[in-house]
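Participant: Next comes coords-v3.tsv, TSV, C-alpha atoms and all ligand atoms:
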chain	number	residue	atom	x	y	z
A	75	MET	CA	0.00	0.00	0.00
A	76	THR	CA	1.20	3.52	-0.85
A	77	LYS	CA	0.79	5.79	2.19
A	78	SER	CA	1.22	9.56	2.45
A	79	LYS	CA	3.21	10.95	5.42
A	80	THR	CA	1.97	13.26	8.19
A	81	GLN	CA	0.85	11.03	11.08
A	82	THR	CA	-1.46	13.51	12.87
A	83	GLU	CA	-4.04	13.78	10.10
A	84	PRO	CA	-6.90	11.24	9.81
A	85	PHE	CA	-6.06	8.25	7.63
A	86	ILE	CA	-8.39	7.24	4.79
A	87	LEU	CA	-8.14	3.88	3.04
A	88	VAL	CA	-8.86	3.92	-0.70
A	89	VAL	CA	-9.63	0.50	-2.18
A	90	HIS	CA	-9.66	-0.24	-5.90
A	91	GLY	CA	-11.17	-3.58	-6.82
A	92	PRO	CA	-10.61	-6.00	-9.70
A	93	ASN	CA	-9.44	-4.91	-13.14
A	94	LEU	CA	-8.77	-1.34	-12.00
A	95	ASN	CA	-5.03	-2.07	-12.24
A	96	LEU	CA	-5.61	-1.87	-16.02
A	97	LEU	CA	-7.01	1.66	-15.95
A	98	GLY	CA	-5.75	3.68	-18.91
A	99	GLU	CA	-5.80	0.69	-21.24
A	100	ARG	CA	-9.07	-0.93	-20.09
A	101	GLU	CA	-12.06	0.30	-22.17
A	102	PRO	CA	-10.94	3.98	-21.99
A	103	GLU	CA	-14.24	5.09	-23.58
A	104	ILE	CA	-15.96	3.83	-20.39
A	105	TYR	CA	-13.33	4.23	-17.68
A	106	GLY	CA	-11.23	7.13	-19.00
A	107	SER	CA	-7.59	7.44	-19.95
A	108	LEU	CA	-5.93	7.92	-16.53
A	109	THR	CA	-3.75	5.06	-15.31
A	110	LEU	CA	-4.21	3.80	-11.75
A	111	LYS	CA	-0.97	5.54	-10.77
A	112	GLU	CA	-2.23	8.87	-12.18
A	113	LEU	CA	-5.58	8.38	-10.47
A	114	ASN	CA	-3.85	7.71	-7.14
A	115	GLU	CA	-1.75	10.86	-7.58
A	116	ARG	CA	-4.95	12.91	-8.01
A	117	ILE	CA	-6.48	11.26	-4.96
A	118	VAL	CA	-3.37	11.99	-2.86
A	119	SER	CA	-3.30	15.61	-4.01
A	120	LYS	CA	-7.03	16.03	-3.16
A	121	ALA	CA	-6.37	14.40	0.23
A	122	ARG	CA	-3.62	16.95	0.94
A	123	SER	CA	-5.99	19.81	0.22
A	124	LEU	CA	-8.55	18.23	2.58
A	125	GLY	CA	-5.98	17.61	5.33
A	126	VAL	CA	-6.20	13.81	5.40
A	127	ARG	CA	-3.70	11.02	4.79
A	128	ILE	CA	-4.39	8.37	2.18
A	129	GLY	CA	-3.45	4.74	1.62
A	130	CYS	CA	-4.31	3.43	-1.86
A	131	PHE	CA	-4.71	-0.30	-2.35
A	132	GLN	CA	-5.72	-2.31	-5.43
A	133	SER	CA	-6.46	-6.01	-5.67
A	134	ASN	CA	-8.09	-8.42	-8.08
A	135	HIS	CA	-8.83	-10.78	-5.17
A	136	GLU	CA	-11.86	-10.62	-2.90
A	137	GLY	CA	-10.02	-12.12	0.10
A	138	GLN	CA	-7.17	-9.61	-0.16
A	139	ILE	CA	-9.65	-6.75	-0.21
A	140	ILE	CA	-11.34	-8.16	2.89
A	141	ASP	CA	-8.00	-8.73	4.66
A	142	THR	CA	-6.93	-5.15	3.91
A	143	ILE	CA	-10.20	-3.71	5.24
A	144	HIS	CA	-9.77	-5.81	8.41
A	145	GLY	CA	-6.08	-4.89	8.70
A	146	GLN	CA	-6.75	-1.15	8.55
A	147	ARG	CA	-9.76	-1.18	10.89
A	148	HIS	CA	-7.89	0.40	13.81
A	149	SER	CA	-5.82	2.88	11.77
A	150	ALA	CA	-8.37	4.18	9.25
A	151	ALA	CA	-10.99	6.83	9.99
A	152	GLY	CA	-12.97	5.78	6.91
A	153	MET	CA	-12.83	4.27	3.45
A	154	VAL	CA	-13.49	5.09	-0.18
A	155	ILE	CA	-14.05	1.95	-2.21
A	156	ASN	CA	-14.54	1.14	-5.86
A	157	PRO	CA	-15.34	-2.55	-5.57
A	158	GLY	CA	-15.39	-3.04	-9.39
A	159	ALA	CA	-17.55	-6.01	-10.37
A	160	PHE	CA	-17.62	-7.15	-6.70
A	161	THR	CA	-20.08	-4.27	-6.26
A	162	HIS	CA	-22.79	-6.37	-7.79
A	163	TYR	CA	-22.43	-9.63	-5.85
A	164	SER	CA	-19.85	-9.65	-3.05
A	165	TYR	CA	-21.75	-10.13	0.19
A	166	ALA	CA	-18.36	-10.91	1.74
A	167	ILE	CA	-17.01	-7.40	1.02
A	168	ARG	CA	-20.29	-5.90	2.17
A	169	ASP	CA	-20.01	-7.86	5.45
A	170	ALA	CA	-16.37	-6.76	5.87
A	171	ILE	CA	-17.38	-3.08	5.57
A	172	SER	CA	-20.16	-3.56	8.06
A	173	ALA	CA	-17.94	-5.61	10.40
A	174	VAL	CA	-15.29	-2.90	10.76
A	175	ASN	CA	-17.93	-0.23	11.29
A	176	LEU	CA	-16.00	2.50	9.45
A	177	PRO	CA	-17.79	5.10	7.31
A	178	CYS	CA	-17.40	4.12	3.68
A	179	VAL	CA	-18.22	5.85	0.38
A	180	GLU	CA	-18.71	3.67	-2.71
A	181	VAL	CA	-17.45	5.18	-5.96
A	182	HIS	CA	-17.59	4.24	-9.64
A	183	LEU	CA	-15.95	5.78	-12.67
A	184	SER	CA	-18.86	4.87	-14.96
A	185	ASP	CA	-22.55	5.46	-14.33
A	186	ILE	CA	-23.64	2.00	-13.16
A	187	GLN	CA	-27.32	2.96	-13.48
A	188	GLN	CA	-26.98	3.61	-17.21
A	189	ARG	CA	-25.21	0.38	-18.19
A	190	GLU	CA	-26.13	-3.32	-18.25
A	191	GLU	CA	-28.94	-4.48	-15.95
A	192	PHE	CA	-26.59	-6.47	-13.67
A	193	ARG	CA	-24.60	-3.31	-12.85
A	194	ARG	CA	-27.63	-1.48	-11.49
A	195	ILE	CA	-27.58	-3.50	-8.29
A	196	SER	CA	-25.01	-2.69	-5.61
A	197	VAL	CA	-24.92	-5.05	-2.64
A	198	ILE	CA	-22.31	-2.70	-1.11
A	199	ALA	CA	-24.36	0.53	-1.15
A	200	PRO	CA	-26.58	-0.33	1.86
A	201	VAL	CA	-23.54	-0.40	4.18
A	202	CYS	CA	-22.07	2.86	2.81
A	203	ILE	CA	-22.79	6.46	3.76
A	204	GLY	CA	-23.03	7.35	0.05
A	205	GLN	CA	-22.44	6.30	-3.54
A	206	ILE	CA	-20.91	8.46	-6.30
A	207	SER	CA	-21.03	7.10	-9.81
A	208	GLY	CA	-20.50	8.25	-13.37
A	209	LYS	CA	-18.15	11.20	-12.86
A	210	GLY	CA	-14.98	9.51	-14.11
A	211	TYR	CA	-11.96	9.92	-11.82
A	212	GLU	CA	-13.75	12.81	-10.10
A	213	SER	CA	-16.07	10.24	-8.49
A	214	TYR	CA	-13.13	9.37	-6.21
A	215	LEU	CA	-12.43	13.03	-5.38
A	216	LEU	CA	-16.09	13.72	-4.66
A	217	GLY	CA	-16.25	10.51	-2.63
A	218	LEU	CA	-13.29	11.64	-0.57
A	219	GLU	CA	-14.88	15.06	-0.02
A	220	LYS	CA	-18.11	13.41	1.11
A	221	LEU	CA	-16.27	11.17	3.56
A	222	VAL	CA	-14.21	14.04	4.99
A	223	GLU	CA	-17.37	16.17	5.43
A	224	TYR	CA	-18.99	13.23	7.23
A	225	LEU	CA	-15.97	12.86	9.53
A	226	ARG	CA	-16.00	16.56	10.50
A	301	LIG	C1	-16.89	0.07	-12.03
A	301	LIG	C2	-18.24	-0.43	-12.55
A	301	LIG	C3	-18.36	-1.93	-12.39
A	301	LIG	O1	-19.60	-2.39	-12.88
A	301	LIG	C4	-17.25	-2.63	-13.16
A	301	LIG	O2	-17.33	-4.02	-12.97
A	301	LIG	C5	-15.91	-2.11	-12.84
A	301	LIG	C6	-15.73	-0.67	-12.68
A	301	LIG	C7	-16.68	1.57	-12.30
A	301	LIG	O3	-15.79	2.15	-11.67
A	301	LIG	O4	-17.37	2.15	-13.15
A	301	LIG	O5	-14.93	-2.85	-12.78
A	301	LIG	O6	-16.84	-0.13	-10.62
Since I need it in another form, could you write the structure as structure tokens?
Ligand code: DQA

Facilitator:
Amino acid sequence: MTKSKTQTEPFILVVHGPNLNLLGEREPEIYGSLTLKELNERIVSKARSLGVRIGCFQSNHEGQIIDTIHGQRHSAAGMVINPGAFTHYSYAIRDAISAVNLPCVEVHLSDIQQREEFRRISVIAPVCIGQISGKGYESYLLGLEKLVEYLR
């Protein structure tokens, strides 16, 4: 996990789910042209302006996402998560979010309501304080803003 430095500021965990490691080359007409590294840089810079620290984590594996959420439960003040396709069926990630009892904002690059039928359902949304979808990489920045407002 890439972590930013100052220890006194609240720490926010940002989780990118499966296939988001391929951002930039993966269906850019849907997900945009930023790479994951460039996206993380924008998230870190937004976090600085909001006065929070960030740890960005990406995995293609459900269990690793769950282990990371568990592992950060005592250090994180909240989470921003793009669960990728897990959004639509992972009760295990949903349970992990609820188990750690941290405020969480769900974000999506694309507008999941305007795509295939199966994407319209989020099993994660009911355990989140909000969902931001369809604003490209800005969904993450808006998600972070929403979380920080909630924490204040
Ligand atoms: C996504 C939308 C999901 O349906 C898809 O499986 C993804 C990315 C998004 O950011 O738009 O992997 O979460």

Participant: I'd like the interatomic distance between atom CA of Ile171 of chain A and atom CA of Ile155 of chain A, to a tenth of an Å.

Facilitator: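 Going from atom CA of Ile171 of chain A over to atom CA of Ile155 of chain A covers 9.8 Å.
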
Participant: Any residue with an atom at most 12 Å from ligand LIG 301 (chain A) counts, using only C-alpha atoms and all ligand atoms. Which are they? Put them as a PyMOL selection string.

Facilitator: chain A and resi 89-97+100-106+110+132-134+155-164+180-198+205-214

Participant: Could you tell me how far atom CA of Cys178 of chain A lies from atom CA of Thr82 of chain A, in Å and to one decimal?

Facilitator: 20.7 Å

Participant: Ile140 of chain A: which residues within 10 Å, counting only C-alpha atoms, same-chain residues fewer than 4 positions away excluded, as a VMD selection string?

Facilitator: chain A and resid 135 to 136 144 to 145 166 to 171

Participant: Pick from A:Val88, A:Leu221, A:Val201, A:Leu215: nearest to Gln146 of chain A, with only C-alpha atoms counted?

Facilitator: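 Smallest separation from Gln146 of chain A among the options: A:Val88.
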
Participant: Each side padded by 3 Å, which centre and which edge lengths in Å (one decimal) define the axis-aligned box around the listed atoms of segment 79-96 of chain A? Give them as lines of an AutoDock Vina configuration file.

Facilitator:
center_x = -4.0
center_y = 3.9
center_z = -1.6
size_x = 20.4
size_y = 25.8
size_z = 34.9

Participant: Atom CA of Glu219 of chain A to atom CA of Asn175 of chain A: how many Å, to one decimal?

Facilitator: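 Here the two named atoms are 19.3 Å from each other.
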
Participant: Counting only C-alpha atoms, which residue out of A:Lys220, A:Arg147, A:Arg226, A:Arg127 sits closest to Pro84 of chain A?

Facilitator: A:Arg127

Participant: When you look at Glu83 of chain A with a cut-off of 12 Å (counting only C-alpha atoms), what residues show up, excluding the ones that are within fewer than 6 positions of it in the same chain? I need them as a JSON list (two decimals) with C-alpha atoms, in the coordinates of the input.

Facilitator:
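Saved the output as out-v4.json:
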[["chain", "number", "residue", "atom", "x", "y", "z"],
["A", 121, "ALA", "CA", -6.37, 14.40, 0.23],
["A", 122, "ARG", "CA", -3.62, 16.95, 0.94],
["A", 123, "SER", "CA", -5.99, 19.81, 0.22],
["A", 124, "LEU", "CA", -8.55, 18.23, 2.58],
["A", 125, "GLY", "CA", -5.98, 17.61, 5.33],
["A", 126, "VAL", "CA", -6.20, 13.81, 5.40],
["A", 127, "ARG", "CA", -3.70, 11.02, 4.79],
["A", 128, "ILE", "CA", -4.39, 8.37, 2.18],
["A", 149, "SER", "CA", -5.82, 2.88, 11.77],
["A", 150, "ALA", "CA", -8.37, 4.18, 9.25],
["A", 151, "ALA", "CA", -10.99, 6.83, 9.99],
["A", 222, "VAL", "CA", -14.21, 14.04, 4.99],
["A", 225, "LEU", "CA", -15.97, 12.86, 9.53]]
